[in-house]
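Chemist: Here you go, one structure.
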Amino acid sequence: MAVNLKDKDAYQRLNYLYQAAHCVLSQNPNNVELARFYCFTQKTIARRLVLRQDPSVKRTLCKKCCSLLIPGVTATTRQRRKNRKTRFTVLRCLSCSQRKTLLNNPDYCLWAEQPEAQLEQQKQQKQPDPGMSAKKQPKPRQPGESQSSHPGAPQSSAST
């Protein structure tokens with residue numbers, strides 16, 4: 001997916017903050033506050049620049065306290081069933097006890113990952129907006145038309 005140069009820098013910054021939060025928690029699991037600060041900064045930048053984050057990133061962040069949800073370190077994970085077929089994963093943040101319920105469906109595929117969505121994005125990138133290109137191009141003139149810019153202006157003839 002092609003991203004504008006300005007957005008590319010912002011996405012790199014978000015990625016760096018996300019990786020920094022993971023590194024902090026992997027080196028010292030008790031340093032949750034620093035990881036939370038990185039995640040909060042990441043969320044604030046994404047909101048300010050109106051950027052969409054990948055669903056896999058959003059699933060690992062607590063909405064209430066902006067903590068990174070790592071099972072066994074900052075979150076607990078439980079598998080629940082509603083019916084025989086529907087299963088859920090319940091993540092509970094250990095800092096604020098906020099729960100996040102995710103559907104377990106192996107057949108489910110995000111729209112961005114489907115081939116139809118990628119084809120539509122490629123078509124939009126290749127084809128410019130037809131309304132804009134028609135406005136920029138001047139109309140072709142007929143051989144008998146005047147050079148005057150005003151259509152109602154009287155035509156002068158230089159035949160004397």
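Quick note on naming: the chains in the structure tokens go A, B, ... in the order shown, residues restart at 1 in each chain, and ligands are numbered from 1 in order of appearance.
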List the spatial neighbours of segment 26-34 of chain A as a list in words - criterion: any atom at most 9 Å away, only C-alpha atoms, same-chain residues fewer than 6 positions off excluded.

Modeler: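 Residues near the query, excluding close chain neighbours: Ser67, Leu68, Val73, Thr74 and Ser95 of chain A.
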
Chemist: Let me make sure I understand: among A:Ala117, A:Ala10, A:Ile70, A:Cys109, which one has the smallest atom-to-atom distance to Gln53 of chain A if we use only C-alpha atoms?

Modeler: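 Among A:Ala117, A:Ala10, A:Ile70, A:Cys109, it is A:Ala10 that comes nearest to Gln53 of chain A.
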
Chemist: Give the answer as one residue: which of A:Asn104, A:Arg99, A:Asp9, A:Lys64 has the shortest atom-to-atom distance to Thr86 of chain A, using only C-alpha atoms?

Modeler: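 With only C-alpha atoms as the atom set, the closest residue is A:Asn104.
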
Chemist: One number please: atom CA of Thr44 of chain A to atom CA of Thr77 of chain A, in Å, one decimal.

Modeler: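 Separating atom CA of Thr44 of chain A from atom CA of Thr77 of chain A is a distance of 26.5 Å.
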
Chemist: Interatomic distance between atom CA of Cys66 of chain A and atom CA of Thr89 of chain A?

Modeler: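 It comes out at 19.2 Å.
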
Chemist: Using only C-alpha atoms, which of A:Leu103, A:Leu17, A:Val57, A:Cys96 sits nearest Gln79 of chain A?

Modeler: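 Once distances to Gln79 of chain A are computed over only C-alpha atoms, the minimum belongs to A:Leu103.
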
Chemist: If you measure from atom CA of Phe40 of chain A to atom CA of Asn105 of chain A, what distance in Å do you get, rounded to one decimal?

Modeler: 29.5 Å
